[in-house]
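Just upload-v8.cif here, mmCIF, C-alpha atoms and all ligand atoms:
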data_input
loop_
_atom_site.label_atom_id
_atom_site.label_comp_id
_atom_site.auth_asym_id
_atom_site.auth_seq_id
_atom_site.Cartn_x
_atom_site.Cartn_y
_atom_site.Cartn_z
CA MET A 180 1.59 -15.48 -7.31
CA ILE A 181 -0.57 -12.45 -6.49
CA LEU A 182 0.87 -9.27 -5.03
CA ILE A 183 -1.58 -7.45 -2.74
CA LYS A 184 -1.34 -3.99 -1.19
CA LEU A 185 -3.65 -3.39 1.75
CA GLY A 186 -4.06 0.39 1.58
CA GLY A 187 -3.88 2.65 4.60
CA SER A 188 -7.40 3.88 3.82
CA VAL A 189 -8.84 0.44 4.52
CA ILE A 190 -6.60 -0.87 7.32
CA THR A 191 -6.72 2.38 9.35
CA ASP A 192 -8.93 5.40 9.80
CA LYS A 193 -6.82 8.01 7.98
CA THR A 194 -8.58 10.87 9.79
CA GLN A 195 -7.61 9.68 13.32
CA TYR A 196 -3.92 9.32 14.33
CA ARG A 197 -3.03 5.65 14.96
CA THR A 198 -6.49 4.11 14.51
CA PHE A 199 -6.35 0.48 13.38
CA ASN A 200 -9.37 -1.08 11.62
CA LYS A 201 -8.89 -4.45 13.32
CA ASP A 202 -12.17 -6.04 12.23
CA VAL A 203 -11.65 -5.10 8.58
CA VAL A 204 -8.07 -6.40 8.56
CA ARG A 205 -9.17 -9.62 10.25
CA ARG A 206 -11.84 -10.15 7.56
CA LEU A 207 -9.43 -9.31 4.70
CA CYS A 208 -6.82 -11.76 6.00
CA GLY A 209 -9.56 -14.41 6.17
CA GLU A 210 -10.57 -13.62 2.58
CA ILE A 211 -6.97 -13.98 1.38
CA LYS A 212 -6.69 -17.32 3.17
CA ASP A 213 -10.10 -18.55 1.86
CA SER A 214 -9.22 -17.65 -1.73
CA GLY A 215 -6.35 -20.12 -1.67
CA ALA A 216 -4.17 -17.60 -3.54
CA SER A 217 -0.44 -17.65 -3.04
CA ALA A 218 0.14 -14.02 -2.09
CA ILE A 219 2.69 -11.50 -0.89
CA ILE A 220 1.35 -8.58 1.12
CA VAL A 221 2.45 -4.97 1.33
CA HIS A 222 0.54 -2.50 3.47
CA GLY A 223 0.27 1.25 3.62
CA GLY A 224 0.74 3.66 6.47
CA GLY A 225 -2.64 5.31 6.86
CA SER A 226 -2.88 7.30 10.08
CA PHE A 227 0.13 5.44 11.57
CA GLY A 228 2.40 6.96 8.89
CA HIS A 229 0.99 9.98 7.15
CA VAL A 230 -0.09 12.15 10.09
CA LEU A 231 3.36 12.70 11.67
CA ALA A 232 5.12 12.49 8.30
CA LYS A 233 3.04 15.41 7.07
CA GLU A 234 3.42 17.45 10.26
CA TYR A 235 7.24 17.16 10.08
CA SER A 236 7.63 17.05 6.25
CA LEU A 237 9.46 13.74 6.47
CA GLN A 238 8.86 13.06 2.76
CA ASN A 239 11.20 15.96 1.87
CA GLY A 240 14.21 14.59 3.78
CA PHE A 241 16.36 16.06 6.52
CA ALA A 242 16.07 19.83 6.94
CA ASP A 243 15.87 20.42 10.67
CA PRO A 244 16.96 18.49 13.82
CA ARG A 245 13.39 18.86 15.12
CA GLN A 246 12.34 16.22 12.55
CA ILE A 247 14.48 13.52 14.16
CA PRO A 248 12.13 12.49 16.99
CA ALA A 249 9.33 12.26 14.39
CA VAL A 250 11.49 9.96 12.22
CA ALA A 251 11.94 7.59 15.15
CA ARG A 252 8.30 7.86 16.26
CA THR A 253 6.95 7.22 12.73
CA GLN A 254 9.13 4.11 12.39
CA TYR A 255 7.83 2.96 15.78
CA ASP A 256 4.20 3.62 14.80
CA MET A 257 4.62 1.77 11.48
CA ARG A 258 6.10 -1.25 13.25
CA GLU A 259 3.16 -1.29 15.67
CA LEU A 260 0.72 -1.20 12.74
CA ASP A 261 2.68 -3.93 10.98
CA GLN A 262 2.67 -6.17 14.06
CA MET A 263 -1.12 -5.83 14.24
CA VAL A 264 -1.45 -6.77 10.54
CA ILE A 265 0.91 -9.73 11.02
CA GLY A 266 -1.10 -10.79 14.08
CA GLU A 267 -4.25 -10.98 11.95
CA LEU A 268 -2.41 -12.94 9.22
CA LEU A 269 -1.17 -15.45 11.81
CA ASP A 270 -4.69 -15.78 13.23
CA ALA A 271 -5.88 -16.53 9.67
CA ASP A 272 -3.28 -19.34 9.51
CA ILE A 273 -0.99 -17.49 7.14
CA PRO A 274 2.62 -17.72 8.35
CA ALA A 275 3.91 -14.18 7.88
CA VAL A 276 7.09 -12.34 8.88
CA SER A 277 7.80 -8.64 8.96
CA VAL A 278 10.44 -7.19 6.60
CA PRO A 279 10.57 -3.51 7.64
CA PRO A 280 11.94 -1.46 4.71
CA GLY A 281 13.36 1.21 7.07
CA SER A 282 15.62 -1.38 8.70
CA CYS A 283 16.42 -3.57 5.69
CA PHE A 284 16.76 -1.23 2.70
CA MET A 285 18.05 2.22 1.63
CA MET A 286 16.79 4.91 -0.69
CA ASP A 287 18.73 7.32 -2.88
CA GLY A 288 16.98 10.53 -3.83
CA GLY A 289 13.65 8.92 -3.03
CA LYS A 290 14.31 5.78 -5.08
CA LEU A 291 14.12 2.51 -3.14
CA ILE A 292 17.25 0.36 -3.47
CA LEU A 293 16.63 -3.34 -2.97
CA ASP A 294 19.88 -4.84 -4.24
CA ASP A 295 19.75 -8.01 -2.19
CA PRO A 296 16.40 -9.83 -2.14
CA GLU A 297 17.84 -12.89 -0.35
CA VAL A 298 15.74 -12.33 2.81
CA LEU A 299 12.55 -12.13 0.74
CA PHE A 300 13.32 -15.15 -1.42
CA SER A 301 14.43 -17.23 1.60
CA ALA A 302 11.08 -16.59 3.32
CA SER A 303 9.05 -17.28 0.17
CA ARG A 304 10.95 -20.52 -0.52
CA LEU A 305 9.96 -21.77 2.94
CA GLY A 306 6.30 -20.90 2.39
CA ILE A 307 6.55 -17.91 4.74
CA MET A 308 4.92 -14.69 3.56
CA PRO A 309 7.23 -11.66 3.79
CA VAL A 310 5.20 -8.57 4.70
CA LEU A 311 6.56 -5.16 3.69
CA PHE A 312 5.06 -1.74 4.29
CA GLY A 313 5.39 1.98 3.60
CA ASP A 314 8.05 3.31 5.98
CA VAL A 315 10.57 6.01 6.84
CA VAL A 316 13.70 4.83 5.04
CA PHE A 317 17.24 6.27 5.26
CA ASP A 318 18.25 8.03 2.06
CA ARG A 319 21.86 8.40 0.78
CA SER A 320 21.28 11.92 -0.46
CA LYS A 321 18.35 13.25 1.62
CA GLY A 322 19.13 11.69 5.02
CA PHE A 323 15.74 10.01 5.14
CA GLY A 324 12.50 9.94 3.18
CA ILE A 325 9.15 8.23 2.98
CA CYS A 326 8.97 5.08 0.92
CA SER A 327 5.36 4.33 0.00
CA GLY A 328 3.86 0.87 -0.11
CA ASP A 329 3.05 1.60 -3.76
CA GLN A 330 6.81 2.07 -4.51
CA ILE A 331 7.51 -1.24 -2.79
CA MET A 332 4.83 -2.90 -4.95
CA GLU A 333 6.68 -1.75 -8.08
CA VAL A 334 9.99 -3.14 -6.84
CA LEU A 335 8.41 -6.47 -5.79
CA CYS A 336 6.81 -6.78 -9.23
CA GLY A 337 10.30 -6.71 -10.73
CA LEU A 338 11.48 -9.40 -8.28
CA TYR A 339 8.51 -11.80 -8.29
CA ASN A 340 6.83 -11.20 -11.65
CA PRO A 341 3.33 -11.79 -10.17
CA GLN A 342 0.49 -12.81 -12.48
CA LYS A 343 -1.88 -10.33 -10.84
CA VAL A 344 -1.42 -7.20 -8.73
CA VAL A 345 -4.19 -5.96 -6.45
CA PHE A 346 -4.44 -2.64 -4.62
CA VAL A 347 -7.08 -2.64 -1.89
CA SER A 348 -8.57 0.68 -0.72
CA ASP A 349 -11.84 1.94 0.79
CA VAL A 350 -13.57 2.98 -2.46
CA ASP A 351 -14.84 0.92 -5.42
CA GLY A 352 -11.95 1.97 -7.66
CA LEU A 353 -10.88 5.13 -9.46
CA PHE A 354 -13.66 7.66 -10.06
CA ASP A 355 -13.69 10.81 -12.17
CA LYS A 356 -13.63 12.69 -8.83
CA ASP A 357 -13.38 11.74 -5.16
CA PRO A 358 -16.50 9.62 -4.46
CA LYS A 359 -16.40 10.50 -0.77
CA THR A 360 -17.09 14.18 -1.42
CA ASN A 361 -18.91 13.91 -4.80
CA PRO A 362 -22.04 11.72 -4.76
CA ASP A 363 -22.37 12.16 -8.55
CA SER A 364 -18.86 10.78 -9.28
CA LYS A 365 -18.56 8.00 -11.86
CA LEU A 366 -16.50 4.81 -11.51
CA LEU A 367 -13.92 4.19 -14.24
CA THR A 368 -13.73 0.44 -14.73
CA GLU A 369 -10.60 0.79 -16.87
CA VAL A 370 -7.98 3.52 -16.68
CA THR A 371 -5.37 4.59 -19.20
CA SER A 372 -2.85 7.40 -18.71
CA GLU A 373 -5.05 9.60 -20.95
CA LEU A 374 -8.10 9.01 -18.74
CA LEU A 375 -6.07 9.56 -15.58
CA ALA A 376 -5.08 13.04 -16.79
CA GLU A 377 -8.77 14.01 -16.62
CA VAL A 378 -9.42 12.65 -13.12
CA SER A 379 -9.77 14.98 -10.14
CA SER A 380 -8.01 13.57 -7.07
CA ASP A 381 -7.81 16.15 -4.29
CA ILE A 382 -6.09 14.78 -1.21
CA GLY A 383 -8.56 15.48 1.59
CA VAL A 384 -6.75 13.63 4.41
CA ASP A 385 -3.08 13.59 5.45
CA ASP A 386 -1.17 11.79 2.69
CA VAL A 387 2.48 12.50 1.87
CA THR A 388 2.87 9.95 -0.94
CA GLY A 389 0.62 11.40 -3.62
CA GLY A 390 -2.76 9.83 -2.86
CA VAL A 391 -4.80 7.93 -5.41
CA ARG A 392 -3.20 9.64 -8.43
CA ALA A 393 0.32 8.45 -7.53
CA LYS A 394 -1.16 5.01 -6.90
CA MET A 395 -2.77 4.89 -10.37
CA GLU A 396 0.52 6.03 -11.95
CA ALA A 397 2.32 3.19 -10.17
CA MET A 398 -0.42 0.79 -11.33
CA LEU A 399 -0.03 1.92 -14.94
CA ARG A 400 3.73 1.32 -14.71
CA ILE A 401 3.19 -2.17 -13.27
CA THR A 402 0.51 -3.42 -15.63
CA SER A 403 1.26 -5.37 -18.82
CA PRO A 404 -0.70 -7.47 -21.33
CA GLU A 405 0.21 -10.53 -19.22
CA ARG A 406 -0.49 -8.95 -15.84
CA ASP A 407 -3.67 -7.28 -14.62
CA CYS A 408 -3.33 -4.52 -12.05
CA ILE A 409 -6.58 -3.84 -10.21
CA LEU A 410 -7.89 -1.38 -7.60
CA VAL A 411 -10.65 -2.90 -5.44
CA ASN A 412 -12.75 -1.94 -2.42
CA GLY A 413 -11.74 -3.87 0.70
CA SER A 414 -14.51 -2.31 2.78
CA VAL A 415 -17.10 -4.46 0.99
CA PRO A 416 -17.12 -7.97 2.50
CA GLY A 417 -16.22 -10.74 0.05
CA ARG A 418 -15.03 -8.54 -2.79
CA LEU A 419 -11.30 -9.20 -2.35
CA ARG A 420 -11.94 -12.94 -2.00
CA SER A 421 -13.99 -13.01 -5.23
CA LEU A 422 -11.34 -11.05 -7.11
CA LEU A 423 -8.55 -13.35 -5.90
CA LYS A 424 -10.59 -16.36 -7.03
CA GLY A 425 -10.72 -14.92 -10.53
CA GLU A 426 -14.33 -13.67 -10.46
CA ARG A 427 -15.37 -10.35 -11.99
CA VAL A 428 -16.04 -7.70 -9.35
CA ILE A 429 -16.63 -3.95 -9.24
CA SER A 430 -13.12 -2.46 -9.55
CA THR A 431 -10.76 -0.43 -11.74
CA THR A 432 -8.18 -2.10 -13.99
CA ALA A 433 -5.10 -0.19 -15.17
CA LYS A 434 -4.61 -0.57 -18.93
CA GLY A 435 -1.79 0.06 -21.32
CA GLY A 436 1.12 1.42 -19.25
CA LEU A 437 2.12 4.99 -18.37
P1 LIG A 501 -2.21 4.67 1.90
O1 LIG A 501 -1.44 5.53 0.95
O2 LIG A 501 -2.33 5.28 3.27
O3 LIG A 501 -1.72 3.28 1.92
P2 LIG A 501 -4.43 3.82 0.22
O4 LIG A 501 -3.42 3.04 -0.57
O5 LIG A 501 -5.54 3.07 0.82
O6 LIG A 501 -3.72 4.66 1.35
P3 LIG A 501 -5.22 6.43 -0.76
O7 LIG A 501 -3.94 7.04 -1.25
O8 LIG A 501 -5.75 6.90 0.57
O9 LIG A 501 -5.07 4.85 -0.75
O10 LIG A 501 -6.32 6.57 -1.91
C1 LIG A 501 -7.65 6.19 -1.68
C2 LIG A 501 -8.45 7.42 -1.34
O11 LIG A 501 -8.38 8.34 -2.43
C3 LIG A 501 -9.94 7.13 -1.15
O12 LIG A 501 -10.23 7.01 0.23
C4 LIG A 501 -10.65 8.33 -1.81
O13 LIG A 501 -11.43 9.08 -0.89
C5 LIG A 501 -9.51 9.20 -2.33
N1 LIG A 501 -9.76 9.74 -3.68
C6 LIG A 501 -9.55 11.03 -4.08
N2 LIG A 501 -9.86 11.19 -5.37
C7 LIG A 501 -10.31 9.98 -5.83
C8 LIG A 501 -10.79 9.53 -7.11
N3 LIG A 501 -10.87 10.33 -8.17
N4 LIG A 501 -11.15 8.21 -7.22
C9 LIG A 501 -11.06 7.36 -6.16
N5 LIG A 501 -10.61 7.76 -4.92
C10 LIG A 501 -10.24 9.05 -4.75
O1 LIG A 502 0.66 4.61 2.85
C1 LIG A 502 3.49 5.64 3.50
O2 LIG A 502 3.13 4.49 2.75
P1 LIG A 502 1.79 4.49 1.89
C2 LIG A 502 4.21 5.29 4.78
O3 LIG A 502 1.78 3.17 1.17
C3 LIG A 502 4.43 6.42 5.71
O4 LIG A 502 1.84 5.64 0.94
C4 LIG A 502 5.38 6.17 6.80
C5 LIG A 502 3.85 7.59 5.62
#

What would you get if you wrote out this structure as structure tokens?
Ligand code: ATP
Ligand code: IP8
Amino acid sequence: MILIKLGGSVITDKTQYRTFNKDVVRRLCGEIKDSGASAIIVHGGGSFGHVLAKEYSLQNGFADPRQIPAVARTQYDMRELDQMVIGELLDADIPAVSVPPGSCFMMDGGKLILDDPEVLFSASRLGIMPVLFGDVVFDRSKGFGICSGDQIMEVLCGLYNPQKVVFVSDVDGLFDKDPKTNPDSKLLTEVTSELLAEVSSDIGVDDVTGGVRAKMEAMLRITSPERDCILVNGSVPGRLRSLLKGERVISTTAKGGL
């Protein structure tokens, strides 16, 4: 089984509140289907999650009653995004159901608690793909918080023990500095925790879950000698399909743990 995260940078335009990249998602769902891989999908929030979350500091938990409408609105926006992703999966002939973390799970001090995976396993057993996503999740100690899709990926790795884990974003992988603002940046085809310490990763757009650095840290925690964990560009047609079929593609592989 392959665990795939469709990042908010590729499924939305992170610079424009609530802008869905429908054509890209449609193509990526087709590539997943074509590859024949048995997959579970998590997706990020992009501009459906991070814009309001940042404006109202939702990642820091309850501090002010004025945050409450933004909690409800962000959950609503994330469910709309999720329904659009699920719609594209269904159109690609992948039977998928939504498992919204904010309605199914809790956090405690920012840590996702997924004690009972019965819903997930029941869907998988029937050949139905459970789709999870970054969300506003109630938190036992902070009232609420933001659970990132990357955190969910780590928890699902523990549950499903996938043979490969793929993070899809809108750049070719991890660079020594942001490739969008530095034309001279260099792609790192393999990343260790030592190399990551030297990478520059300024967060240029709204992102309350730590950007590409937090993602790489999660990837280093997930990877093992038996399991590759790879960051790949979903904006380039065909690249995800090739990777899922086991071909070598331009990408970054996490190596050696954190
Ligand atoms: P989301 O968290 O919304 O799901 P995502 O998983 O797609 O998003 P981001 O956290 O947005 O991923 O990380 C990808 C972005 O990180 C790229 O769009 C890129 O511009 C930016 N970035 C900053 N520094 C770097 C770097 N050193 N290497 C690669 N990308 C970088
Ligand atoms: O985009 C964040 O999830 P991520 C979700 O995977 C929200 O980091 C609601 C901001």

Give one line per residue of chain A that approaches ligand LIG 502 (chain A) to at most 7 Å, naming the two atoms of the closest pair and their distance in Å to one decimal, counting all atoms listed in the file; sort by chain then ascending residue number and deliver it as a tab-separated table.
residue	atom	partner	partner_atom	distance
A:Gly186	CA	A:LIG502	O1	6.5
A:Gly187	CA	A:LIG502	O1	5.2
A:His222	CA	A:LIG502	O3	6.2
A:Gly223	CA	A:LIG502	O3	3.5
A:Gly224	CA	A:LIG502	O1	3.7
A:Gly225	CA	A:LIG502	O1	5.2
A:Gly228	CA	A:LIG502	C5	3.6
A:His229	CA	A:LIG502	C5	4.0
A:Ala232	CA	A:LIG502	C5	5.7
A:Thr253	CA	A:LIG502	C4	6.2
A:Met257	CA	A:LIG502	C4	6.5
A:Phe312	CA	A:LIG502	O3	6.7
A:Gly313	CA	A:LIG502	O2	3.5
A:Asp314	CA	A:LIG502	C4	4.0
A:Val315	CA	A:LIG502	C4	5.2
A:Ile325	CA	A:LIG502	C3	5.7
A:Cys326	CA	A:LIG502	C1	6.1
A:Ser327	CA	A:LIG502	O2	3.5
A:Gly328	CA	A:LIG502	O3	3.4
A:Asp329	CA	A:LIG502	O3	5.3
A:Val387	CA	A:LIG502	C5	6.3
A:Thr388	CA	A:LIG502	O4	4.8

Show which residues sit within 7 Å of region 204-212 of chain A, as a PDB file with C-alpha atoms, in the frame of the given file. Count all atoms listed in the file, and ignore same-chain residues fewer than 5 positions away.
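Now in around_8.pdb:
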ATOM      1  CA  ILE A 190      -6.600  -0.870   7.320  1.00  0.00           C
ATOM      2  CA  VAL A 264      -1.450  -6.770  10.540  1.00  0.00           C
ATOM      3  CA  GLU A 267      -4.250 -10.980  11.950  1.00  0.00           C
ATOM      4  CA  LEU A 268      -2.410 -12.940   9.220  1.00  0.00           C
ATOM      5  CA  ALA A 271      -5.880 -16.530   9.670  1.00  0.00           C
ATOM      6  CA  ILE A 273      -0.990 -17.490   7.140  1.00  0.00           C
ATOM      7  CA  GLY A 417     -16.220 -10.740   0.050  1.00  0.00           C
ATOM      8  CA  LEU A 419     -11.300  -9.200  -2.350  1.00  0.00           C
ATOM      9  CA  ARG A 420     -11.940 -12.940  -2.000  1.00  0.00           C
TER      10      ARG A 420
END

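Computed from the coordinates, the CA of Arg406 (chain A) to CA of Gly425 (chain A) distance equals 13.0 Å.
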
Exercise. Of the candidates A:Ser188, A:Thr368, A:Gln262, A:Ser403, which one gets nearest to ligand LIG 501 (chain A) if we count all atoms listed in the file?
Worked result: A:Ser188

Would you give the centre and edge lengths, in Å to one decimal, of a box along x, y and z around the listed atoms of region 186-201 of chain A, with 6 Å added to each side, as AutoDock Vina command-line options?
--center_x -6.2 --center_y 3.2 --center_z 8.3 --size_x 18.3 --size_y 27.3 --size_z 25.4

What does region 205-286 of chain A look like written to a file with C-alpha atoms, as a short mmCIF file (atom, residue, chain, number, x, y, z; two decimals), in the first residue's frame?
data_model
loop_
_atom_site.label_atom_id
_atom_site.label_comp_id
_atom_site.auth_asym_id
_atom_site.auth_seq_id
_atom_site.Cartn_x
_atom_site.Cartn_y
_atom_site.Cartn_z
CA ARG A 205 -8.44 15.73 -11.82
CA ARG A 206 -5.16 14.81 -13.56
CA LEU A 207 -3.52 13.60 -10.31
CA CYS A 208 -6.51 11.38 -9.48
CA GLY A 209 -6.26 9.93 -13.00
CA GLU A 210 -2.54 9.29 -12.51
CA ILE A 211 -3.20 7.47 -9.22
CA LYS A 212 -5.85 5.33 -10.91
CA ASP A 213 -3.63 4.63 -13.98
CA SER A 214 -0.69 3.57 -11.81
CA GLY A 215 -2.74 0.70 -10.41
CA ALA A 216 -1.34 1.43 -6.93
CA SER A 217 -3.39 0.60 -3.89
CA ALA A 218 -3.36 3.96 -2.13
CA ILE A 219 -4.72 5.95 0.78
CA ILE A 220 -4.96 9.70 0.29
CA VAL A 221 -4.52 12.58 2.70
CA HIS A 222 -4.76 16.15 1.49
CA GLY A 223 -3.63 19.49 2.80
CA GLY A 224 -5.51 22.70 3.40
CA GLY A 225 -3.88 25.19 1.09
CA SER A 226 -5.90 28.38 0.79
CA PHE A 227 -9.04 26.65 2.16
CA GLY A 228 -7.30 26.13 5.53
CA HIS A 229 -4.29 28.33 6.10
CA VAL A 230 -5.65 31.78 5.24
CA LEU A 231 -8.32 32.01 7.98
CA ALA A 232 -6.30 29.85 10.38
CA LYS A 233 -3.47 32.36 10.18
CA GLU A 234 -5.72 35.42 10.45
CA TYR A 235 -7.31 34.05 13.67
CA SER A 236 -4.27 32.16 15.05
CA LEU A 237 -6.26 28.92 15.16
CA GLN A 238 -3.05 26.87 15.43
CA ASN A 239 -2.44 28.31 18.92
CA GLY A 240 -5.78 27.17 20.37
CA PHE A 241 -8.60 29.06 22.06
CA ALA A 242 -7.68 32.54 23.28
CA ASP A 243 -10.58 34.76 22.28
CA PRO A 244 -14.30 34.21 21.49
CA ARG A 245 -13.75 36.07 18.21
CA GLN A 246 -11.91 32.97 16.93
CA ILE A 247 -15.02 30.80 17.15
CA PRO A 248 -16.71 31.81 13.88
CA ALA A 249 -13.36 31.22 12.14
CA VAL A 250 -13.16 27.70 13.64
CA ALA A 251 -16.56 26.87 12.18
CA ARG A 252 -15.84 28.57 8.84
CA THR A 253 -12.45 26.82 8.44
CA GLN A 254 -14.05 23.43 9.08
CA TYR A 255 -16.71 24.31 6.51
CA ASP A 256 -14.10 25.42 3.95
CA MET A 257 -12.03 22.25 4.49
CA ARG A 258 -15.09 20.05 3.97
CA GLU A 259 -15.87 21.90 0.73
CA LEU A 260 -12.30 21.33 -0.48
CA ASP A 261 -12.49 17.69 0.56
CA GLN A 262 -15.77 17.15 -1.30
CA MET A 263 -14.17 18.55 -4.45
CA VAL A 264 -11.18 16.20 -4.07
CA ILE A 265 -13.51 13.24 -3.43
CA GLY A 266 -15.55 14.24 -6.49
CA GLU A 267 -12.43 13.98 -8.66
CA LEU A 268 -11.52 10.60 -7.13
CA LEU A 269 -15.01 9.27 -7.87
CA ASP A 270 -14.78 10.57 -11.45
CA ALA A 271 -11.47 8.68 -11.76
CA ASP A 272 -13.31 5.50 -10.67
CA ILE A 273 -11.74 5.41 -7.23
CA PRO A 274 -14.41 4.76 -4.58
CA ALA A 275 -13.50 7.23 -1.84
CA VAL A 276 -15.17 8.38 1.38
CA SER A 277 -14.42 11.38 3.54
CA VAL A 278 -13.14 10.85 7.10
CA PRO A 279 -12.96 14.42 8.47
CA PRO A 280 -10.44 14.49 11.36
CA GLY A 281 -12.25 17.44 13.03
CA SER A 282 -15.40 15.34 13.41
CA CYS A 283 -13.86 11.91 14.03
CA PHE A 284 -10.76 12.49 16.18
CA MET A 285 -9.37 14.61 19.05
CA MET A 286 -6.04 16.22 19.78
#
